[in-house]
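> Compact mmCIF, C-alpha atoms and all ligand atoms, saved as model_7.txt, coming up:
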# COMPACT_ATOMS: atom_id res chain seq x y z
CA MET A 2 0.00 0.00 0.00
CA LYS A 3 2.77 2.35 0.97
CA LEU A 4 4.60 1.50 -2.22
CA SER A 5 1.61 2.12 -4.47
CA ALA A 6 0.90 5.45 -2.72
CA SER A 7 4.48 6.49 -3.38
CA ALA A 8 4.11 5.38 -6.96
CA VAL A 9 1.08 7.65 -7.34
CA VAL A 10 2.98 10.59 -5.88
CA VAL A 11 5.93 9.96 -8.18
CA GLY A 12 3.65 9.47 -11.18
CA THR A 13 1.80 12.71 -10.46
CA LEU A 14 5.05 14.57 -10.12
CA LEU A 15 6.52 13.18 -13.25
CA SER A 16 3.43 14.20 -15.15
CA THR A 17 4.52 17.77 -14.52
CA LEU A 18 8.10 17.12 -15.53
CA PHE A 19 9.08 19.48 -18.30
CA SER A 20 5.48 20.57 -18.63
CA GLN A 21 6.61 24.16 -18.63
CA THR A 22 6.94 24.92 -22.27
CA SER A 23 6.34 23.54 -25.69
CA PHE A 24 7.37 26.46 -27.82
CA ALA A 25 10.55 26.45 -29.84
CA TRP A 26 12.50 29.19 -31.58
CA ASN A 27 9.88 31.64 -30.21
CA GLN A 28 8.79 32.89 -33.62
CA HIS A 29 9.28 30.57 -36.54
CA GLN A 30 8.31 33.38 -38.89
CA THR A 31 11.63 35.09 -38.16
CA LEU A 32 13.47 32.10 -39.61
CA MET A 33 11.59 31.72 -42.87
CA PRO A 34 12.82 34.63 -45.06
CA LEU A 35 16.43 33.70 -44.27
CA ILE A 36 15.81 29.99 -44.93
CA LEU A 37 14.29 30.75 -48.33
CA GLU A 38 16.73 33.50 -49.28
CA ASN A 39 19.40 31.36 -50.90
CA SER A 40 17.37 28.28 -51.75
CA THR A 41 18.00 26.65 -55.12
CA PRO A 42 16.55 28.31 -58.24
CA ALA A 43 14.34 25.23 -58.72
CA LEU A 44 12.87 25.58 -55.25
CA LYS A 45 12.36 29.32 -55.71
CA GLN A 46 10.58 28.64 -59.00
CA THR A 47 8.29 26.19 -57.22
CA LEU A 48 7.36 28.77 -54.64
CA PHE A 49 6.26 31.32 -57.22
CA ARG A 50 3.27 29.05 -57.83
CA SER A 51 0.18 31.01 -56.92
CA GLY A 52 -3.53 30.53 -56.42
CA SER A 53 -6.61 32.44 -55.38
CA ILE A 54 -7.19 33.42 -51.76
CA PRO A 55 -10.31 31.84 -50.27
CA CYS A 56 -12.73 34.37 -48.72
CA GLY A 57 -14.63 34.18 -45.40
CA THR A 58 -17.07 31.29 -45.66
CA ASP A 59 -14.94 29.29 -48.13
CA ASP A 60 -11.94 29.73 -45.85
CA GLN A 61 -13.97 28.70 -42.80
CA ALA A 62 -15.23 25.58 -44.60
CA ILE A 63 -11.64 24.46 -45.22
CA ILE A 64 -10.75 25.13 -41.58
CA ARG A 65 -13.69 23.00 -40.39
CA GLN A 66 -12.62 20.18 -42.68
CA LEU A 67 -9.04 20.38 -41.38
CA ILE A 68 -10.16 20.43 -37.73
CA SER A 69 -11.81 17.09 -38.36
CA SER A 70 -9.22 15.41 -40.58
CA LEU A 71 -6.19 16.59 -38.57
CA GLN A 72 -7.82 16.23 -35.14
CA LEU A 73 -7.37 19.85 -34.12
CA ASN A 74 -8.95 21.66 -31.19
CA PRO A 75 -12.24 23.04 -32.63
CA GLN A 76 -12.23 25.88 -30.05
CA SER A 77 -8.94 27.31 -31.23
CA ARG A 78 -8.92 30.38 -33.44
CA PHE A 79 -7.51 30.34 -36.94
CA HIS A 80 -6.72 33.64 -38.57
CA PRO A 81 -8.15 34.13 -42.08
CA THR A 82 -5.94 33.06 -44.98
CA ALA A 83 -6.54 36.44 -46.61
CA PRO A 84 -3.83 38.97 -45.77
CA SER A 85 -4.65 41.97 -43.58
CA THR A 86 -5.66 43.95 -46.68
CA GLY A 87 -8.66 41.60 -46.80
CA LYS A 88 -8.17 40.98 -50.53
CA CYS A 89 -9.58 37.60 -51.47
CA GLY A 90 -11.62 35.77 -54.08
CA PRO A 91 -10.86 34.30 -57.52
CA THR A 92 -9.09 37.41 -58.80
CA SER A 93 -6.83 37.83 -55.74
CA GLN A 94 -3.74 35.68 -56.04
CA ILE A 95 -1.22 34.70 -53.41
CA SER A 96 2.04 32.85 -54.00
CA ALA A 97 3.26 29.87 -51.99
CA LEU A 98 6.25 32.01 -51.02
CA ASP A 99 4.01 34.74 -49.58
CA VAL A 100 2.29 32.15 -47.42
CA LEU A 101 5.52 30.50 -46.27
CA VAL A 102 7.00 33.76 -45.00
CA SER A 103 3.74 34.78 -43.31
CA SER A 104 2.66 34.04 -39.75
CA ALA A 105 1.17 30.73 -41.00
CA VAL A 106 4.31 28.94 -39.79
CA ASP A 107 3.39 29.93 -36.22
CA ASP A 108 -0.26 28.77 -36.47
CA PRO A 109 0.49 25.47 -34.64
CA ASP A 110 1.47 27.41 -31.50
CA ASN A 111 -1.89 29.23 -31.40
CA GLY A 112 -4.01 26.58 -29.73
CA MET A 113 -4.85 23.96 -32.34
CA ASP A 114 -2.95 21.26 -30.44
CA GLN A 115 -3.94 22.35 -26.92
CA ASN A 116 -6.65 21.14 -24.52
CA LEU A 117 -7.58 18.11 -26.62
CA SER A 118 -9.68 15.36 -25.06
CA PRO A 119 -8.14 14.63 -21.64
CA ALA A 120 -8.53 10.85 -21.75
CA ALA A 121 -5.07 9.36 -22.13
CA GLU A 122 -6.38 6.62 -24.38
CA SER A 123 -8.12 9.16 -26.62
CA VAL A 124 -7.63 9.11 -30.35
CA PHE A 125 -5.37 12.15 -29.96
CA ASP A 126 -2.89 10.53 -27.64
CA PRO A 127 -3.08 6.73 -27.89
CA SER A 128 0.13 6.12 -25.91
CA GLY A 129 -0.64 8.60 -23.14
CA ASP A 130 2.42 10.73 -23.92
CA ARG A 131 0.90 13.97 -22.65
CA LYS A 132 1.31 12.76 -19.10
CA TRP A 133 5.07 13.07 -19.58
CA MET A 134 5.19 16.05 -21.93
CA GLY A 135 3.14 18.86 -20.49
CA GLY A 136 -0.18 17.46 -19.29
CA VAL A 137 -3.60 17.74 -20.93
CA GLN A 138 -4.54 21.34 -20.11
CA GLY A 139 -3.16 24.73 -20.97
CA PRO A 140 -0.46 25.87 -23.40
CA SER A 141 1.96 23.09 -22.44
CA SER A 142 -0.62 20.44 -23.40
CA GLN A 143 0.45 20.87 -27.02
CA GLY A 144 3.92 19.57 -26.15
CA PHE A 145 3.32 15.97 -27.19
CA ARG A 146 2.77 17.05 -30.80
CA HIS A 147 5.66 19.53 -30.86
CA MET A 148 8.38 17.37 -29.33
CA TYR A 149 9.88 13.94 -29.79
CA PHE A 150 12.13 12.21 -27.28
CA GLY A 151 13.39 9.13 -29.12
CA GLY A 152 13.81 6.89 -26.07
CA TRP A 153 16.77 5.92 -23.91
CA LYS A 154 19.59 4.25 -25.87
CA VAL A 155 22.23 2.08 -24.26
CA THR A 156 24.70 3.41 -26.84
CA GLN A 157 24.08 7.03 -25.72
CA PRO A 158 23.07 6.58 -22.08
CA LEU A 159 23.64 10.17 -20.97
CA ALA A 160 22.57 12.03 -24.10
CA THR A 161 19.28 10.14 -24.28
CA PHE A 162 18.49 9.95 -20.56
CA GLN A 163 14.73 10.33 -20.13
CA ILE A 164 11.78 9.24 -18.01
CA PRO A 165 10.14 6.99 -19.07
CA ALA A 166 12.70 5.25 -21.26
CA ARG A 167 10.33 4.66 -24.18
CA ALA A 168 9.99 7.04 -27.11
CA LEU A 169 7.62 9.94 -26.39
CA GLY A 170 5.90 12.47 -28.60
CA LEU A 171 4.11 12.63 -31.93
CA ALA A 172 6.02 15.37 -33.77
CA PRO A 173 7.28 13.00 -36.55
CA GLN A 174 3.77 11.62 -37.14
CA ARG A 175 2.24 15.11 -37.16
CA THR A 176 4.84 16.35 -39.63
CA GLN A 177 4.07 13.45 -41.96
CA LEU A 178 0.27 13.76 -41.64
CA ILE A 179 0.21 17.50 -42.23
CA ALA A 180 2.74 17.37 -45.08
CA GLU A 181 0.60 14.73 -46.80
CA LYS A 182 -2.46 16.96 -46.42
CA ALA A 183 -0.49 19.88 -47.86
CA ARG A 184 0.47 17.77 -50.85
CA GLU A 185 -3.13 16.69 -51.39
CA LEU A 186 -4.36 20.31 -51.32
CA LEU A 187 -1.68 21.45 -53.76
CA LYS A 188 -2.50 18.60 -56.14
CA SER A 189 -6.15 19.66 -56.08
CA GLY A 190 -5.11 23.21 -57.00
CA GLN A 191 -5.63 24.81 -53.58
CA VAL A 192 -2.30 26.63 -53.46
CA ALA A 193 -3.08 29.01 -50.57
CA TRP A 194 -4.11 26.27 -48.17
CA GLY A 195 -1.56 23.79 -49.55
CA ALA A 196 1.20 26.28 -48.76
CA ARG A 197 -0.32 27.10 -45.36
CA LEU A 198 -0.28 23.42 -44.42
CA THR A 199 3.31 23.19 -45.67
CA ALA A 200 4.14 25.99 -43.25
CA TRP A 201 2.49 24.01 -40.45
CA ALA A 202 4.54 20.90 -41.26
CA ILE A 203 7.67 23.07 -41.31
CA HIS A 204 6.78 24.32 -37.84
CA TYR A 205 6.94 20.81 -36.36
CA ILE A 206 10.19 19.90 -38.05
CA GLN A 207 11.76 23.17 -36.90
CA ASP A 208 10.62 22.46 -33.36
CA LEU A 209 12.66 19.25 -33.43
CA THR A 210 15.79 21.14 -34.44
CA GLN A 211 15.67 22.90 -31.05
CA PRO A 212 17.54 20.44 -28.79
CA PHE A 213 15.22 21.14 -25.84
CA HIS A 214 12.47 19.58 -27.99
CA SER A 215 14.40 16.40 -28.82
CA VAL A 216 15.77 15.42 -25.42
CA GLN A 217 14.21 15.67 -21.99
CA LEU A 218 17.43 16.89 -20.36
CA VAL A 219 19.97 18.77 -22.46
CA SER A 220 22.51 18.31 -19.70
CA LEU A 221 22.63 16.27 -16.53
CA LYS A 222 24.36 19.32 -15.02
CA LEU A 223 20.91 20.90 -14.81
CA VAL A 224 19.76 18.27 -12.31
CA PRO A 225 20.17 19.39 -8.67
CA TRP A 226 21.10 15.94 -7.35
CA TYR A 227 21.71 17.36 -3.87
CA GLU A 228 17.92 17.49 -3.44
CA MET A 229 18.07 13.72 -2.98
CA LEU A 230 20.18 14.15 0.16
CA THR A 231 17.32 13.83 2.57
CA LEU A 232 16.12 11.37 5.16
CA HIS A 233 12.90 10.94 3.17
CA PRO A 234 13.66 9.49 -0.28
CA SER A 235 10.18 10.10 -1.76
CA GLN A 236 10.24 13.75 -0.64
CA GLY A 237 13.76 14.05 -2.01
CA PHE A 238 12.64 12.72 -5.36
CA GLN A 239 9.63 15.03 -5.37
CA LYS A 240 11.88 18.03 -4.78
CA LEU A 241 14.33 16.78 -7.39
CA VAL A 242 11.65 16.66 -10.08
CA GLN A 243 10.23 20.08 -9.16
CA GLU A 244 13.62 21.71 -9.09
CA THR A 245 14.82 20.05 -12.29
CA THR A 246 11.68 21.24 -14.07
CA ARG A 247 12.23 24.79 -12.85
CA ILE A 248 15.88 24.80 -13.88
CA VAL A 249 15.33 23.22 -17.31
CA THR A 250 12.55 25.74 -17.96
CA ASN A 251 14.81 28.61 -17.00
CA TYR A 252 17.53 27.53 -19.45
CA HIS A 253 15.01 26.62 -22.17
CA TRP A 254 13.41 30.08 -22.04
CA ALA A 255 16.72 31.87 -21.75
CA TYR A 256 18.07 30.01 -24.78
CA GLU A 257 15.08 30.80 -26.95
CA GLY A 258 14.89 34.38 -25.74
CA TYR A 259 18.53 35.02 -26.55
CA THR A 260 18.36 33.28 -29.94
CA GLN A 261 15.21 35.21 -30.85
CA ASP A 262 16.78 38.49 -29.78
CA ARG A 263 19.77 37.84 -32.05
CA LEU A 264 17.57 36.66 -34.94
CA GLN A 265 15.58 39.87 -34.80
CA MET A 266 18.70 41.66 -35.99
CA GLY A 267 17.77 40.41 -39.48
CA ASN A 268 20.65 40.86 -41.91
CA ASP A 269 22.98 41.79 -39.05
CA SER A 270 22.11 38.70 -37.06
CA PRO A 271 25.05 36.45 -36.13
CA PHE A 272 22.76 33.57 -37.20
CA LYS A 273 21.84 34.90 -40.63
CA GLU A 274 24.45 32.83 -42.47
CA CYS A 275 23.46 29.68 -40.57
CA LEU A 276 19.97 29.93 -42.06
CA SER A 277 20.73 31.33 -45.50
CA ASN A 278 23.84 29.18 -46.20
CA PRO A 279 23.12 26.17 -44.02
CA GLU A 280 25.23 23.64 -45.93
CA LYS A 281 28.37 25.06 -44.28
CA TYR A 282 27.13 24.50 -40.74
CA ALA A 283 24.47 21.76 -40.67
CA THR A 284 25.05 18.47 -38.88
CA LEU A 285 21.84 16.89 -40.16
CA LYS A 286 22.38 13.54 -41.86
CA VAL A 287 19.66 12.18 -44.13
CA LYS A 288 19.81 8.74 -45.69
CA SER A 289 18.19 9.66 -49.01
CA ALA A 290 18.03 12.76 -51.17
CA HIS A 291 14.24 12.88 -50.80
CA PRO A 292 13.39 11.73 -47.28
CA THR A 293 9.75 11.49 -46.26
CA PRO A 294 8.69 14.03 -43.61
CA PHE A 295 8.63 11.20 -41.08
CA GLU A 296 12.20 10.09 -41.92
CA LEU A 297 13.32 13.70 -41.93
CA SER A 298 11.83 14.28 -38.47
CA HIS A 299 13.76 11.34 -37.07
CA ALA A 300 16.99 12.49 -38.70
CA VAL A 301 16.48 15.99 -37.27
CA SER A 302 15.77 14.60 -33.83
CA GLN A 303 18.95 12.51 -33.96
CA ALA A 304 21.00 15.56 -34.99
CA SER A 305 19.51 17.53 -32.08
CA ILE A 306 20.45 14.79 -29.59
CA GLN A 307 24.07 15.16 -30.74
CA LEU A 308 23.95 18.92 -30.12
CA ALA A 309 22.02 18.87 -26.86
CA SER A 310 24.80 18.46 -24.31
CA THR A 311 26.85 21.22 -25.96
CA VAL A 312 23.82 23.51 -25.84
CA GLY A 313 23.44 22.68 -22.14
CA SER A 314 27.08 23.20 -21.18
CA SER A 315 27.54 26.33 -23.33
CA GLU A 316 24.42 27.85 -21.84
CA LEU A 317 25.71 27.19 -18.35
CA ASP A 318 28.99 28.92 -19.25
CA PHE A 319 27.18 31.80 -20.93
CA PHE A 320 24.30 32.56 -18.55
CA GLY A 321 26.20 31.26 -15.54
CA GLY A 322 24.71 29.42 -12.60
CA HIS A 323 22.23 32.11 -11.55
CA LEU A 324 19.35 30.30 -13.26
CA LEU A 325 20.14 27.22 -11.18
CA GLU A 326 19.75 29.04 -7.88
CA THR A 327 16.85 28.20 -5.60
CA GLY A 328 13.80 30.38 -6.20
CA VAL A 329 14.95 31.80 -9.56
CA ASP A 330 11.97 31.45 -11.90
CA PHE A 331 12.43 32.84 -15.38
CA THR A 332 8.75 32.30 -16.26
CA ALA A 333 7.73 34.70 -13.48
CA ASP A 334 10.08 37.37 -14.81
CA PRO A 335 10.84 36.81 -18.51
CA ASN A 336 12.75 40.11 -18.62
CA MET A 337 15.27 39.07 -16.00
CA ILE A 338 17.99 38.67 -18.63
CA ASN A 339 19.23 41.63 -20.61
CA TYR A 340 20.10 39.80 -23.82
CA LYS A 341 21.79 42.78 -25.43
CA ASP A 342 24.14 42.97 -22.49
CA TYR A 343 24.99 39.25 -22.78
CA ALA A 344 25.49 39.68 -26.53
CA THR A 345 28.26 42.22 -26.07
CA ARG A 346 29.94 41.63 -22.70
CA PRO A 347 33.69 41.17 -23.34
CA ASP A 348 34.08 38.71 -20.44
CA LEU A 349 31.62 36.36 -22.15
CA LEU A 350 33.36 36.27 -25.51
CA ALA A 351 34.55 32.64 -25.35
CA ALA A 352 31.26 31.32 -23.93
CA ARG A 353 29.30 33.35 -26.48
CA MET A 354 31.31 31.92 -29.36
CA GLN A 355 30.68 28.41 -28.11
CA LEU A 356 26.94 29.01 -27.72
CA HIS A 357 26.69 30.69 -31.12
CA GLU A 358 28.56 27.85 -32.78
CA VAL A 359 26.20 25.13 -31.54
CA THR A 360 23.10 27.27 -32.13
CA CYS A 361 24.29 27.92 -35.66
CA LYS A 362 24.37 24.18 -36.28
CA ALA A 363 20.84 23.72 -34.92
CA LEU A 364 19.50 26.60 -37.03
CA ALA A 365 21.30 25.29 -40.12
CA ASN A 366 19.62 21.94 -39.51
CA ALA A 367 16.30 23.80 -39.33
CA SER A 368 17.01 25.48 -42.63
CA ILE A 369 17.99 22.31 -44.51
CA ALA A 370 15.10 20.32 -43.05
CA SER A 371 12.60 23.06 -43.97
CA ARG A 372 13.86 23.15 -47.56
CA LEU A 373 13.77 19.35 -47.90
CA LEU A 374 10.25 19.31 -46.54
CA ILE A 375 9.09 21.92 -49.05
CA GLU A 376 10.69 19.89 -51.86
CA TRP A 377 8.85 16.76 -50.71
CA VAL A 378 5.48 18.52 -50.50
CA PHE A 379 5.81 20.34 -53.82
CA ALA A 380 7.36 17.43 -55.76
CA PRO A 381 5.39 16.81 -58.96
ZN ZN B 1 5.74 24.33 -31.69
Will you turn the file into structure tokens for me?
Ligand SMILES: [Zn+2]

Amino acid sequence: MKLSASAVVVGTLLSTLFSQTSFAWNQHQTLMPLILENSTPALKQTLFRSGSIPCGTDDQAIIRQLISSLQLNPQSRFHPTAPSTGKCGPTSQISALDVLVSSAVDDPDNGMDQNLSPAAESVFDPSGDRKWMGGVQGPSSQGFRHMYFGGWKVTQPLATFQIPARALGLAPQRTQLIAEKARELLKSGQVAWGARLTAWAIHYIQDLTQPFHSVQLVSLKLVPWYEMLTLHPSQGFQKLVQETTRIVTNYHWAYEGYTQDRLQMGNDSPFKECLSNPEKYATLKVKSAHPTPFELSHAVSQASIQLASTVGSSELDFFGGHLLETGVDFTADPNMINYKDYATRPDLLAARMQLHEVTCKALANASIASRLLIEWVFAP
């Protein structure tokens, strides 16, 4: 009895483990113009393909159909496909490129994957992954579709450490499903929605290029093991999980905040080249020239596992140990770090170079994966 009660406590605690966030690269839209800037002439040509912009009721009808076929939250709000000018109808054309650089790529973070049916065995979550990836309520409940932890591997015991040891998350399946839908829409001549769904699929694959979305713990250095030093092991474990969650969240948010701040510099961003000339920096390895979205997701996830511990250790060097300290909660004060200061401080030069180098690789992986995904969707 005592044992099963402890198991319930531990289970409940673990269900909150890493439930703090399920957003990656803050704004995917920032990445897209740079990713498409130097793409091949063939790809650029493909993206000039245009189609009419569906108006109000037509647009809503497509959204309703997608909510059903892609199992999306019917309560979530979808912005109209028509641009803010409101121009739509058969004579108003939009190119695939226009859609891909629009906010469409951030649609999946706006609620469509959140607050789905809570039953673990529901059609949405047949393996009950949400319990381990952000719960079933609130913004973090989308995590199971936006992350993929490939399972503990004896060959990489530290890099793949996770609880539970089995693979968790549906990001590869979602990428495949949505990319297939995009392809179907394009083949039926619905360019605007075909491109919008392509942007959605790109979102998921880009999420997986953020190492915090491909491993549960980017570094074991973020685990405050001293919390286990107590006379009451179950309390010690409880504290360990709570504190690890807080610390991982702090570093996750700080990493994305800093990267986003630097990306917003546009052409002056230290990461511009990583996105626009990714071949020089990418570590992504794909087995075929035209991987399926599912294969691509797994390759991306594997590449992120390789980068994760360097992201963790470089972040610790760069932001220091302050975010580890008891009571420090980045989510309660997202402005606690002055990124511009960190970006220029001379004493941080070596740590900054290290962090930029590994981030450049992750962003280059995002760029290559996004381009390959577009090629797969738009292939004749
Ligand atoms: Zn996401």
> Using all atoms listed in the file, which residues of the polymer chains come no farther than 10 Å from ligand ZN 1 (chain B)? I'd like the answer as JSON, numbers by chain.
{"A": [22, 23, 24, 25, 26, 27, 28, 29, 106, 107, 108, 109, 110, 111, 114, 143, 144, 145, 146, 147, 148, 172, 201, 203, 204, 205, 206, 207, 208, 209, 214]}
> For a cut-off of 12 Å around (-4.0, 27.3, -44.3), file coordinates, pick out all residues using only C-alpha atoms and list them as an NGL selection string.
:A and (54-55 or 59-68 or 79-84 or 97 or 100-101 or 103-109 or 179 or 182-183 or 186-187 or 191-202)
> Once you count only C-alpha atoms, which residues end up no further than 10 Å from (6.9, 16.8, -47.8) in the file's frame, shown as a ChimeraX atom specification?
/A:176-184,199,202-203,291-295,297,371-380
> Nearest to His299 in chain A: which of A:Ser128, A:Ser215, A:Ser235, A:Ser69 is it, counting all atoms listed in the file?
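Ranked by minimum distance to His299 in chain A, first place goes to A:Ser215.
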> Just give me the gap between CA of Pro225 in chain A and CA of Leu241 in chain A in Å, one decimal is fine.
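Computed distance, CA of Pro225 in chain A to CA of Leu241 in chain A, equals 6.5 Å.
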> Please fill the gaps in range 84-115 of chain A so it has N, CA and C atoms, and write that as a short mmCIF file (atom, residue, chain, number, x, y, z; two decimals), in the coordinates of the input.

data_model
loop_
_atom_site.label_atom_id
_atom_site.label_comp_id
_atom_site.auth_asym_id
_atom_site.auth_seq_id
_atom_site.Cartn_x
_atom_site.Cartn_y
_atom_site.Cartn_z
N PRO A 84 -4.72 38.05 -46.49
CA PRO A 84 -3.83 38.97 -45.77
C PRO A 84 -4.62 40.11 -45.14
N SER A 85 -3.94 40.92 -44.34
CA SER A 85 -4.65 41.97 -43.58
C SER A 85 -5.37 42.96 -44.49
N THR A 86 -4.96 43.05 -45.75
CA THR A 86 -5.66 43.95 -46.68
C THR A 86 -7.08 43.45 -46.94
N GLY A 87 -7.32 42.16 -46.61
CA GLY A 87 -8.66 41.60 -46.80
C GLY A 87 -8.94 41.16 -48.23
N LYS A 88 -7.96 41.36 -49.13
CA LYS A 88 -8.17 40.98 -50.53
C LYS A 88 -8.31 39.47 -50.66
N CYS A 89 -9.38 39.03 -51.28
CA CYS A 89 -9.58 37.60 -51.47
C CYS A 89 -10.52 37.37 -52.65
N GLY A 90 -10.74 36.11 -52.95
CA GLY A 90 -11.62 35.77 -54.08
C GLY A 90 -10.82 35.34 -55.30
N PRO A 91 -11.52 34.89 -56.36
CA PRO A 91 -10.86 34.30 -57.52
C PRO A 91 -9.83 35.21 -58.19
N THR A 92 -10.02 36.53 -58.10
CA THR A 92 -9.09 37.41 -58.80
C THR A 92 -7.91 37.85 -57.91
N SER A 93 -7.94 37.47 -56.64
CA SER A 93 -6.83 37.83 -55.74
C SER A 93 -5.89 36.63 -55.59
N GLN A 94 -4.70 36.79 -56.06
CA GLN A 94 -3.74 35.68 -56.04
C GLN A 94 -2.73 35.84 -54.90
N ILE A 95 -2.30 34.70 -54.41
CA ILE A 95 -1.22 34.70 -53.41
C ILE A 95 -0.24 33.60 -53.80
N SER A 96 1.05 33.87 -53.63
CA SER A 96 2.04 32.85 -54.00
C SER A 96 2.34 31.97 -52.78
N ALA A 97 2.85 30.77 -53.07
CA ALA A 97 3.26 29.87 -51.99
C ALA A 97 4.31 30.56 -51.12
N LEU A 98 5.20 31.31 -51.77
CA LEU A 98 6.25 32.01 -51.02
C LEU A 98 5.66 33.00 -50.02
N ASP A 99 4.66 33.76 -50.48
CA ASP A 99 4.01 34.74 -49.58
C ASP A 99 3.47 34.04 -48.34
N VAL A 100 2.88 32.87 -48.55
CA VAL A 100 2.29 32.15 -47.42
C VAL A 100 3.39 31.62 -46.50
N LEU A 101 4.46 31.11 -47.09
CA LEU A 101 5.52 30.50 -46.27
C LEU A 101 6.26 31.52 -45.40
N VAL A 102 6.32 32.76 -45.83
CA VAL A 102 7.00 33.76 -45.00
C VAL A 102 6.02 34.51 -44.10
N SER A 103 4.76 34.12 -44.15
CA SER A 103 3.74 34.78 -43.31
C SER A 103 3.72 34.14 -41.92
N SER A 104 2.76 34.58 -41.10
CA SER A 104 2.66 34.04 -39.75
C SER A 104 2.09 32.62 -39.74
N ALA A 105 1.75 32.08 -40.93
CA ALA A 105 1.17 30.73 -41.00
C ALA A 105 2.06 29.69 -40.31
N VAL A 106 3.37 29.91 -40.37
CA VAL A 106 4.31 28.94 -39.79
C VAL A 106 4.19 28.90 -38.26
N ASP A 107 3.59 29.93 -37.67
CA ASP A 107 3.39 29.93 -36.22
C ASP A 107 1.97 29.51 -35.82
N ASP A 108 1.11 29.22 -36.79
CA ASP A 108 -0.26 28.77 -36.47
C ASP A 108 -0.27 27.63 -35.44
N PRO A 109 0.59 26.61 -35.58
CA PRO A 109 0.49 25.47 -34.64
C PRO A 109 0.72 25.83 -33.17
N ASP A 110 1.29 27.02 -32.90
CA ASP A 110 1.47 27.41 -31.50
C ASP A 110 0.27 28.22 -30.98
N ASN A 111 -0.77 28.37 -31.81
CA ASN A 111 -1.89 29.23 -31.40
C ASN A 111 -3.10 28.48 -30.88
N GLY A 112 -2.91 27.26 -30.43
CA GLY A 112 -4.01 26.58 -29.73
C GLY A 112 -4.55 25.34 -30.40
N MET A 113 -4.23 25.10 -31.65
CA MET A 113 -4.85 23.96 -32.34
C MET A 113 -4.50 22.60 -31.72
N ASP A 114 -3.38 22.53 -31.03
CA ASP A 114 -2.95 21.26 -30.44
C ASP A 114 -3.13 21.24 -28.92
N GLN A 115 -3.80 22.25 -28.38
CA GLN A 115 -3.94 22.35 -26.92
C GLN A 115 -5.32 21.91 -26.45
#
